[in-house]
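Below is one structure; the comments refer to it alone.
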Amino acid sequence: MPVRALAVLSLMLVLGACGAPQTGTFTPAPIVPVVSMDAAAEAQDPTAPFTLSVVDGILEEVNVTSDRSETINGSFTEDLTAWTSEGVLDAGSTHTVVAKAVSSDGTVTEFEQQFTTEARESSGFEVADVTPVADGEEVGVGAPIIVSFTEDAPDRAAVEALLTVESEQPHEGAWRWISDKQVIYRTKEYWAAHQTVTFTANFEGEFLGDDTWGGADYSAEMVIGESQVSYADLDTHTMTVEVDGEVAKEIPISGGSGDEWEYYTATGVHLVMEKFADKTMVSPGKEEGDEGYYSTDVKWATRINASGEFVHGAPWNGSLGSANLSHGCLNASDANAEWFYNMAQRGDPVEVVGSPREMPWDNGWGYWIMSFDEWKEGSAL
């Protein structure tokens with residue numbers, strides 16, 4: 001074939017190829033959301049909020065936790081393109097931010113980043129004391145947890161939210177504030193016996209209001225011993241002591257005579273508070289020389305309220321089991337008072353009935369006088 005013919009044929013083939021229809025599917029590039037955060041990588045001010053933002057998408061999830069196992073709250077913008085933290089962060093803590101964003105074509109971006117907040121010096125607010133907790137002590141099933149602080153709580157709710165009570169057996173309980181420096185935990189029902197209860201205050205690095213930052217964390221264990229509940233009936237002049245649900249002893253007693261109003265033994269749930277092998281009983285509100293003044297030495301005195309009611313030995317009282325002739329205490333024989341003294345635990349309930357005088361809930365550890373619903377009203381949360 002002549003060279004010219006070959007050139008024409010080649011040109012026709014090229015033109016034919018350019019004119020052929022294209023095949024296949026066009027795939028657009030995915031829209032990838034881009035998430036960013038404005039928290040400082042280090043030394044973020046714990047009082048300053050931080051924000052997550054997304055471009056080319058919306059935020060589906062945001063979770064922020066500190067290394068103190070706390071979750072940080074925040075709010076989304078209406079268009080879901082940003083999330084801003086709320087409240088004060090834990091100071092001196094590492095925070096982990098985990099988020100998920102999605103674009104209009106369904107492409108997902110997962111985001112995870114950490115930052116550290118600036119430390120804050122303690123303002124001195126710490127737990128000063130927890131009662132009744134002592135090494136080697138077992139307490140009764142009615143025991144409260146009385147927490148005293150080193151200074152007034154600047155924000156009761158902020159402080160209470162950092163207090164936890166955990167028990168080996170399930171329970172329901174609540175805090176009640178007595179003052180800005182003291183809060184008390186009481187269960188709805190008596191504690192189950194034979195278990196350990198753990199109290200924890202997680203204050204370190206926590207903002208407590210009014211420029212106050214918590215000091216050291218605090219933890220204490222309270223060991224619940226046997227269930228020892230005593231039922232004192234002033235009409236039958238008998239105190240029945242039950243141990244783990246079984247009657248251990250019935251003690252003949254003599255309650256308050258009622259010759260004066262304060263000489264009635266108060267009706268209501270008392271708790272064992274302290275014990276004295278020897279105690280001098282002095283008439284309340286009277287001085288030597290006043291009418292009705294007395295000062296009497298007794299043995300085996302177990303205190304059951306703050307205003308002077310005890311279970312104690314009274315060998316001179318010839319009406320044990322038959323009449324109420326005391327100044328308000330529960331009189332028993334020395335032998336029975338010693339038995340009760342030796343077995344009594346702080347927090348053991350002594351339930352008294354048969355008197356017209358009701359014990360105030362704030363007389364000693366009279367916290368069981370209140371219904372649980374009333375008790376919960378004293379919570380700051």
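Identifiers in the structure tokens: chain A, B, ... in order shown; residue index from 1 per chain; ligand index from 1 in order shown.
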**Asked** Got a sec: who's within 7 Å of Val241 (chain A), counting only C-alpha atoms, leaving out chain neighbours fewer than 3 positions off, as a list of chain:residue names?
**Response** A:Gln228, A:Val229, A:Ser230, A:Tyr231, A:Val247, A:Ala248, A:Lys249, A:Glu250
Rows by chain and residue number, region 109-204 of chain A within 7 Å of region 43-56 of chain A, shortest pair, only C-alpha atoms, as JSON lines:
```
{"residue": "A:Thr116", "atom": "CA", "partner": "A:Ala43", "partner_atom": "CA", "distance": 5.7}
{"residue": "A:Thr117", "atom": "CA", "partner": "A:Gln44", "partner_atom": "CA", "distance": 4.4}
{"residue": "A:Glu118", "atom": "CA", "partner": "A:Ala43", "partner_atom": "CA", "distance": 4.5}
```
Restrict the selected residues to all heavy atoms and save them as a PDB file, in the first residue's frame.
```
ATOM      1  N   THR A 116      -4.435  18.731  79.297  1.00  0.00           N
ATOM      2  CA  THR A 116      -4.234  18.777  80.748  1.00  0.00           C
ATOM      3  C   THR A 116      -4.608  20.156  81.280  1.00  0.00           C
ATOM      4  O   THR A 116      -4.258  21.175  80.669  1.00  0.00           O
ATOM      5  CB  THR A 116      -2.776  18.477  81.115  1.00  0.00           C
ATOM      6  OG1 THR A 116      -2.432  17.191  80.602  1.00  0.00           O
ATOM      7  CG2 THR A 116      -2.589  18.465  82.626  1.00  0.00           C
ATOM      8  N   THR A 117      -5.319  20.174  82.385  1.00  0.00           N
ATOM      9  CA  THR A 117      -5.708  21.449  82.986  1.00  0.00           C
ATOM     10  C   THR A 117      -4.667  21.900  84.005  1.00  0.00           C
ATOM     11  O   THR A 117      -3.928  21.086  84.576  1.00  0.00           O
ATOM     12  CB  THR A 117      -7.061  21.323  83.694  1.00  0.00           C
ATOM     13  OG1 THR A 117      -7.033  20.196  84.574  1.00  0.00           O
ATOM     14  CG2 THR A 117      -8.173  21.142  82.687  1.00  0.00           C
ATOM     15  N   GLU A 118      -4.628  23.195  84.211  1.00  0.00           N
ATOM     16  CA  GLU A 118      -3.724  23.759  85.217  1.00  0.00           C
ATOM     17  C   GLU A 118      -4.110  23.270  86.604  1.00  0.00           C
ATOM     18  O   GLU A 118      -5.285  23.108  86.924  1.00  0.00           O
ATOM     19  CB  GLU A 118      -3.809  25.290  85.200  1.00  0.00           C
ATOM     20  CG  GLU A 118      -3.365  25.940  83.906  1.00  0.00           C
ATOM     21  CD  GLU A 118      -3.651  27.431  83.895  1.00  0.00           C
ATOM     22  OE1 GLU A 118      -4.435  27.878  84.773  1.00  0.00           O
ATOM     23  OE2 GLU A 118      -3.125  28.135  83.025  1.00  0.00           O
TER      24      GLU A 118
END
```
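With distances restricted to only C-alpha atoms, A:Trp213 is the closest residue to Ser122 (chain A) from A:Tyr367, A:Trp213, A:Trp339, A:Phe199.
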**Message:** Show me, as a VMD selection string, the residues that have an atom within 9 Å of Gln114 (chain A) when counting only C-alpha atoms, minus same-chain residues fewer than 2 positions from it.
**Reply:** chain A and resid 41 to 42 94 to 98 112 116
Convert the current residue selection to file output with N, CA, C and O atoms, as an mmCIF file, in the first residue's frame.
```cif
data_model
loop_
_atom_site.group_PDB
_atom_site.id
_atom_site.type_symbol
_atom_site.label_atom_id
_atom_site.label_comp_id
_atom_site.auth_asym_id
_atom_site.auth_seq_id
_atom_site.Cartn_x
_atom_site.Cartn_y
_atom_site.Cartn_z
ATOM 1 N N ALA A 41 -3.218 22.291 74.582
ATOM 2 C CA ALA A 41 -2.696 20.928 74.740
ATOM 3 C C ALA A 41 -2.206 20.712 76.166
ATOM 4 O O ALA A 41 -2.312 19.618 76.719
ATOM 5 N N GLU A 42 -1.676 21.749 76.760
ATOM 6 C CA GLU A 42 -1.229 21.700 78.152
ATOM 7 C C GLU A 42 -1.680 22.982 78.844
ATOM 8 O O GLU A 42 -1.814 24.032 78.227
ATOM 9 N N THR A 94 -5.898 15.208 83.516
ATOM 10 C CA THR A 94 -5.879 14.941 82.081
ATOM 11 C C THR A 94 -7.293 14.640 81.623
ATOM 12 O O THR A 94 -7.988 13.803 82.210
ATOM 13 N N HIS A 95 -7.723 15.337 80.595
ATOM 14 C CA HIS A 95 -9.068 15.156 80.056
ATOM 15 C C HIS A 95 -8.964 14.510 78.670
ATOM 16 O O HIS A 95 -8.118 14.892 77.855
ATOM 17 N N THR A 96 -9.839 13.567 78.424
ATOM 18 C CA THR A 96 -9.887 12.879 77.134
ATOM 19 C C THR A 96 -11.168 13.259 76.409
ATOM 20 O O THR A 96 -12.259 13.138 76.967
ATOM 21 N N VAL A 97 -10.997 13.733 75.179
ATOM 22 C CA VAL A 97 -12.125 14.159 74.356
ATOM 23 C C VAL A 97 -12.297 13.158 73.217
ATOM 24 O O VAL A 97 -11.356 12.916 72.444
ATOM 25 N N VAL A 98 -13.467 12.566 73.131
ATOM 26 C CA VAL A 98 -13.783 11.622 72.057
ATOM 27 C C VAL A 98 -15.031 12.136 71.351
ATOM 28 O O VAL A 98 -16.047 12.409 71.998
ATOM 29 N N GLU A 112 -10.182 11.928 68.650
ATOM 30 C CA GLU A 112 -9.785 11.698 70.050
ATOM 31 C C GLU A 112 -8.535 12.504 70.350
ATOM 32 O O GLU A 112 -7.549 12.450 69.595
ATOM 33 N N THR A 116 -4.435 18.731 79.297
ATOM 34 C CA THR A 116 -4.234 18.777 80.748
ATOM 35 C C THR A 116 -4.608 20.156 81.280
ATOM 36 O O THR A 116 -4.258 21.175 80.669
#
```
Do a neighbour search on Asn331 (chain A) at 7 Å with only C-alpha atoms, toss out local chain neighbours closer than 5 positions, and write the hits as an mmCIF file with N, CA, C and O atoms, in the first residue's frame.
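Dumped everything to out-v9.cif:
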```cif
data_model
loop_
_atom_site.group_PDB
_atom_site.id
_atom_site.type_symbol
_atom_site.label_atom_id
_atom_site.label_comp_id
_atom_site.auth_asym_id
_atom_site.auth_seq_id
_atom_site.Cartn_x
_atom_site.Cartn_y
_atom_site.Cartn_z
ATOM 1 N N ILE A 253 -36.310 -3.092 133.702
ATOM 2 C CA ILE A 253 -35.820 -1.716 133.765
ATOM 3 C C ILE A 253 -36.791 -0.849 134.553
ATOM 4 O O ILE A 253 -37.928 -1.228 134.825
ATOM 5 N N SER A 254 -36.296 0.336 134.871
ATOM 6 C CA SER A 254 -37.137 1.384 135.442
ATOM 7 C C SER A 254 -36.823 2.652 134.676
ATOM 8 O O SER A 254 -35.665 3.104 134.638
ATOM 9 N N GLY A 255 -37.839 3.214 134.001
ATOM 10 C CA GLY A 255 -37.628 4.411 133.201
ATOM 11 C C GLY A 255 -37.891 5.677 133.996
ATOM 12 O O GLY A 255 -38.012 5.668 135.229
ATOM 13 N N VAL A 311 -28.386 3.907 129.685
ATOM 14 C CA VAL A 311 -28.709 2.641 130.334
ATOM 15 C C VAL A 311 -27.591 2.428 131.346
ATOM 16 O O VAL A 311 -26.417 2.408 130.984
ATOM 17 N N HIS A 312 -27.938 2.300 132.632
ATOM 18 C CA HIS A 312 -26.872 2.164 133.635
ATOM 19 C C HIS A 312 -27.356 1.343 134.829
ATOM 20 O O HIS A 312 -28.564 1.136 135.032
ATOM 21 N N GLY A 313 -26.391 0.925 135.595
ATOM 22 C CA GLY A 313 -26.702 0.165 136.801
ATOM 23 C C GLY A 313 -27.310 1.059 137.869
ATOM 24 O O GLY A 313 -26.865 2.185 138.088
ATOM 25 N N ALA A 314 -28.353 0.552 138.549
ATOM 26 C CA ALA A 314 -29.011 1.296 139.636
ATOM 27 C C ALA A 314 -29.439 0.303 140.708
ATOM 28 O O ALA A 314 -30.631 0.004 140.868
ATOM 29 N N SER A 326 -36.913 6.615 137.715
ATOM 30 C CA SER A 326 -35.616 7.252 137.466
ATOM 31 C C SER A 326 -35.790 8.720 137.091
ATOM 32 O O SER A 326 -36.907 9.213 136.941
#
```
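Each of A:Ile72, A:Leu80, A:Ala266, A:Ala119 was checked against Pro356 (chain A) using only C-alpha atoms; the smallest atom-to-atom distance is that of A:Ala266.
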**Message:** Based on the backbone DSSP call, show me all residues of region 32-240 of chain A assigned strand (DSSP E or B), as a VMD selection string.
**Reply:** chain A and resid 34 to 37 44 51 to 55 58 to 66 71 74 to 76 82 to 85 94 to 102 108 to 117 125 127 to 131 138 to 139 145 to 149 163 to 167 173 to 179 182 to 187 195 to 201 207 to 209 212 to 214 218 to 224 228 to 233 238 to 240
For the selection you just gave me, I'd like the residues written to a file as a short mmCIF file (atom, residue, chain, number, x, y, z; two decimals), in the first residue's frame, keeping C-alpha atoms.
```
data_model
loop_
_atom_site.label_atom_id
_atom_site.label_comp_id
_atom_site.auth_asym_id
_atom_site.auth_seq_id
_atom_site.Cartn_x
_atom_site.Cartn_y
_atom_site.Cartn_z
CA VAL A 34 -12.64 17.94 59.89
CA VAL A 35 -12.87 18.26 63.69
CA SER A 36 -10.80 20.72 65.70
CA MET A 37 -10.59 21.72 69.38
CA GLN A 44 -5.81 24.68 80.02
CA THR A 51 -15.02 24.22 72.08
CA LEU A 52 -15.04 21.45 69.46
CA SER A 53 -15.86 22.52 65.92
CA VAL A 54 -16.43 20.64 62.69
CA VAL A 55 -16.11 21.71 59.05
CA ILE A 58 -22.03 17.85 61.97
CA LEU A 59 -21.12 16.48 65.38
CA GLU A 60 -22.98 13.30 66.28
CA GLU A 61 -21.30 12.52 69.61
CA VAL A 62 -19.01 14.27 72.09
CA ASN A 63 -17.77 12.62 75.30
CA VAL A 64 -15.31 14.28 77.66
CA THR A 65 -13.96 12.60 80.79
CA SER A 66 -11.23 13.44 83.27
CA THR A 71 -17.88 13.31 82.79
CA GLY A 74 -21.50 20.61 77.37
CA SER A 75 -23.97 21.89 74.80
CA PHE A 76 -24.23 21.77 71.00
CA ALA A 82 -19.86 23.02 67.51
CA TRP A 83 -19.92 21.81 71.13
CA THR A 84 -18.83 23.91 74.13
CA SER A 85 -18.03 22.63 77.61
CA THR A 94 -5.88 14.94 82.08
CA HIS A 95 -9.07 15.16 80.06
CA THR A 96 -9.89 12.88 77.13
CA VAL A 97 -12.13 14.16 74.36
CA VAL A 98 -13.78 11.62 72.06
CA ALA A 99 -16.08 12.80 69.26
CA LYS A 100 -17.70 11.59 66.04
CA ALA A 101 -18.68 13.75 63.09
CA VAL A 102 -20.53 12.85 59.88
CA VAL A 108 -17.54 9.60 59.38
CA THR A 109 -14.59 11.16 61.19
CA GLU A 110 -13.65 9.90 64.65
CA PHE A 111 -11.74 12.33 66.84
CA GLU A 112 -9.78 11.70 70.05
CA GLN A 113 -7.47 14.09 71.84
CA GLN A 114 -6.24 14.81 75.36
CA PHE A 115 -5.35 17.96 77.21
CA THR A 116 -4.23 18.78 80.75
CA THR A 117 -5.71 21.45 82.99
CA PHE A 125 -11.33 22.67 102.43
CA VAL A 127 -12.60 16.39 105.64
CA ALA A 128 -11.66 16.97 109.28
CA ASP A 129 -13.41 13.98 110.87
CA VAL A 130 -15.75 11.07 110.17
CA THR A 131 -17.76 9.57 113.07
CA GLU A 138 -17.58 -2.41 114.81
CA VAL A 139 -20.67 -0.21 114.87
CA ILE A 145 -21.95 8.77 108.95
CA ILE A 146 -21.19 12.17 110.44
CA VAL A 147 -18.75 14.17 108.30
CA SER A 148 -17.14 17.36 109.59
CA PHE A 149 -15.13 19.71 107.37
CA LEU A 163 -19.34 12.44 98.59
CA THR A 164 -20.00 8.74 98.02
CA VAL A 165 -21.10 5.91 100.31
CA GLU A 166 -20.72 2.33 99.09
CA SER A 167 -21.75 -0.79 101.00
CA GLY A 173 -29.50 6.52 102.03
CA ALA A 174 -29.26 10.31 101.90
CA TRP A 175 -27.25 13.24 103.24
CA ARG A 176 -28.64 15.96 105.48
CA TRP A 177 -26.76 19.18 106.23
CA ILE A 178 -26.65 20.15 109.91
CA SER A 179 -24.50 23.22 109.28
CA GLN A 182 -21.20 19.22 108.92
CA VAL A 183 -23.29 16.81 106.89
CA ILE A 184 -24.75 13.47 108.01
CA TYR A 185 -25.63 10.34 106.05
CA ARG A 186 -28.51 8.12 107.16
CA THR A 187 -29.97 5.03 105.56
CA GLN A 195 -20.56 -5.74 106.21
CA THR A 196 -18.14 -2.92 105.44
CA VAL A 197 -19.31 0.52 104.33
CA THR A 198 -16.87 2.84 102.53
CA PHE A 199 -17.13 6.63 102.61
CA THR A 200 -15.16 8.68 100.08
CA ALA A 201 -14.76 12.41 99.52
CA PHE A 207 -13.97 23.46 92.34
CA LEU A 208 -16.29 23.94 95.32
CA GLY A 209 -17.56 27.46 94.65
CA THR A 212 -12.53 27.42 96.76
CA TRP A 213 -10.65 24.36 95.52
CA GLY A 214 -10.75 21.06 97.34
CA TYR A 218 -10.49 11.24 101.96
CA SER A 219 -11.67 7.68 102.47
CA ALA A 220 -12.84 5.80 105.56
CA GLU A 221 -14.29 2.36 106.21
CA MET A 222 -17.06 1.73 108.72
CA VAL A 223 -17.53 -1.89 109.77
CA ILE A 224 -21.10 -2.87 110.64
CA GLN A 228 -28.21 -5.34 118.06
CA VAL A 229 -31.55 -3.64 118.49
CA SER A 230 -33.09 -3.03 121.94
CA TYR A 231 -36.78 -2.37 122.55
CA ALA A 232 -37.49 -0.53 125.82
CA ASP A 233 -41.16 -0.58 126.82
CA THR A 238 -38.78 -4.35 130.15
CA MET A 239 -36.00 -3.89 127.61
CA THR A 240 -35.77 -6.71 125.08
#
```
**Message:** What does the structure give for the distance between CA of Asp180 (chain A) and CA of Asp210 (chain A), in Å to one decimal?
**Reply:**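 Separation of CA of Asp180 (chain A) and CA of Asp210 (chain A): 13.8 Å.
Secondary structure from DSSP on the backbone puts helix (DSSP H, G or I) at the following positions of region 6-119 of chain A: Leu6, Ala7, Val8, Leu9, Ser10, Leu11, Met12, Leu13, Val14, Leu15, Gly16, Ala17 and Cys18 of chain A.
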**Request:** Could you check how far CA of Glu377 (chain A) sits from CA of Glu358 (chain A), in Å to one decimal?
**Result:** 21.1 Å
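Counting only C-alpha atoms and comparing A:Met281, A:Leu330, A:Ala158, A:Ala344, the residue that lies closest to Ser379 (chain A) is A:Ala158.
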**Request:** Provide the CA of Ser355 (chain A) to CA of Ser371 (chain A) distance in Å, to one decimal place.
**Result:** 19.4 Å
**Message:** Can you tell me which residues surround region 290-293 of chain A at a distance of at most 12 Å, considering only C-alpha atoms, apart from same-chain residues fewer than 3 positions away, and format the answer as a PyMOL selection string?
**Reply:** chain A and resi 259-260+263+281-287+296+327
File of the preceding selection, all heavy atoms, as a compact mmCIF listing (two decimals), in the first residue's frame:
```txt
# COMPACT_ATOMS: atom_id res chain seq x y z
N ASP A 259 -41.91 12.93 137.19
CA ASP A 259 -42.23 13.89 138.24
C ASP A 259 -42.04 15.31 137.73
O ASP A 259 -42.76 16.23 138.13
CB ASP A 259 -41.34 13.64 139.47
CG ASP A 259 -41.71 12.36 140.19
OD1 ASP A 259 -42.82 11.83 139.92
OD2 ASP A 259 -40.91 11.87 140.99
N GLU A 260 -41.06 15.50 136.87
CA GLU A 260 -40.89 16.73 136.10
C GLU A 260 -40.80 16.30 134.64
O GLU A 260 -40.42 15.16 134.33
CB GLU A 260 -39.63 17.48 136.54
CG GLU A 260 -39.66 17.95 137.98
CD GLU A 260 -38.42 18.75 138.37
OE1 GLU A 260 -37.86 19.42 137.47
OE2 GLU A 260 -38.04 18.69 139.54
N TYR A 263 -37.91 14.55 133.39
CA TYR A 263 -37.64 13.25 134.01
C TYR A 263 -38.36 12.11 133.30
O TYR A 263 -38.28 10.96 133.72
CB TYR A 263 -38.01 13.27 135.49
CG TYR A 263 -37.09 14.10 136.36
CD1 TYR A 263 -37.42 14.40 137.68
CD2 TYR A 263 -35.88 14.58 135.86
CE1 TYR A 263 -36.57 15.16 138.48
CE2 TYR A 263 -35.04 15.35 136.65
CZ TYR A 263 -35.39 15.64 137.96
OH TYR A 263 -34.55 16.40 138.75
N MET A 281 -23.62 10.95 137.56
CA MET A 281 -24.82 11.56 137.00
C MET A 281 -25.19 12.80 137.80
O MET A 281 -25.37 12.72 139.02
CB MET A 281 -25.99 10.57 137.03
CG MET A 281 -25.75 9.31 136.23
SD MET A 281 -25.69 9.68 134.47
CE MET A 281 -25.48 8.02 133.82
N VAL A 282 -25.32 13.94 137.11
CA VAL A 282 -25.64 15.21 137.76
C VAL A 282 -26.95 15.73 137.17
O VAL A 282 -27.16 15.64 135.96
CB VAL A 282 -24.51 16.24 137.58
CG1 VAL A 282 -24.87 17.57 138.22
CG2 VAL A 282 -23.21 15.69 138.15
N SER A 283 -27.80 16.29 138.01
CA SER A 283 -29.08 16.80 137.54
C SER A 283 -28.86 17.88 136.49
O SER A 283 -28.08 18.82 136.70
CB SER A 283 -29.88 17.38 138.72
OG SER A 283 -29.05 18.28 139.46
N PRO A 284 -29.52 17.76 135.33
CA PRO A 284 -29.33 18.75 134.26
C PRO A 284 -29.91 20.10 134.62
O PRO A 284 -31.02 20.20 135.16
CB PRO A 284 -30.07 18.13 133.07
CG PRO A 284 -31.10 17.24 133.69
CD PRO A 284 -30.48 16.71 134.94
N GLY A 285 -29.15 21.16 134.38
CA GLY A 285 -29.65 22.52 134.57
C GLY A 285 -29.75 22.96 136.01
O GLY A 285 -30.32 24.01 136.30
N LYS A 286 -29.24 22.16 136.95
CA LYS A 286 -29.31 22.54 138.37
C LYS A 286 -27.90 22.59 138.96
O LYS A 286 -27.00 21.89 138.52
CB LYS A 286 -30.16 21.54 139.16
CG LYS A 286 -31.63 21.47 138.73
CD LYS A 286 -32.41 20.54 139.62
CE LYS A 286 -33.85 20.32 139.24
NZ LYS A 286 -34.54 21.29 138.47
N GLU A 287 -27.76 23.43 139.97
CA GLU A 287 -26.49 23.54 140.67
C GLU A 287 -26.66 23.05 142.10
O GLU A 287 -27.79 22.96 142.63
CB GLU A 287 -26.00 24.99 140.67
CG GLU A 287 -25.72 25.54 139.28
CD GLU A 287 -25.20 26.96 139.31
OE1 GLU A 287 -25.11 27.54 140.44
OE2 GLU A 287 -24.91 27.50 138.24
N THR A 296 -24.89 11.52 141.45
CA THR A 296 -24.89 10.10 141.81
C THR A 296 -23.87 9.35 140.96
O THR A 296 -23.85 9.49 139.73
CB THR A 296 -26.28 9.48 141.57
OG1 THR A 296 -27.27 10.24 142.27
CG2 THR A 296 -26.30 8.04 142.03
N HIS A 327 -34.65 9.41 136.91
CA HIS A 327 -34.66 10.80 136.45
C HIS A 327 -34.67 10.87 134.92
O HIS A 327 -34.43 11.95 134.36
CB HIS A 327 -33.45 11.55 137.00
CG HIS A 327 -33.50 11.76 138.47
ND1 HIS A 327 -32.66 11.12 139.36
CD2 HIS A 327 -34.31 12.56 139.24
CE1 HIS A 327 -32.94 11.50 140.60
NE2 HIS A 327 -33.94 12.38 140.56
```
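Candidate residues A:Ala306, A:Ala193, A:Ile369, A:Ile251 were compared for distance to Asp334 (chain A), and the nearest is A:Ile251, using only C-alpha atoms.
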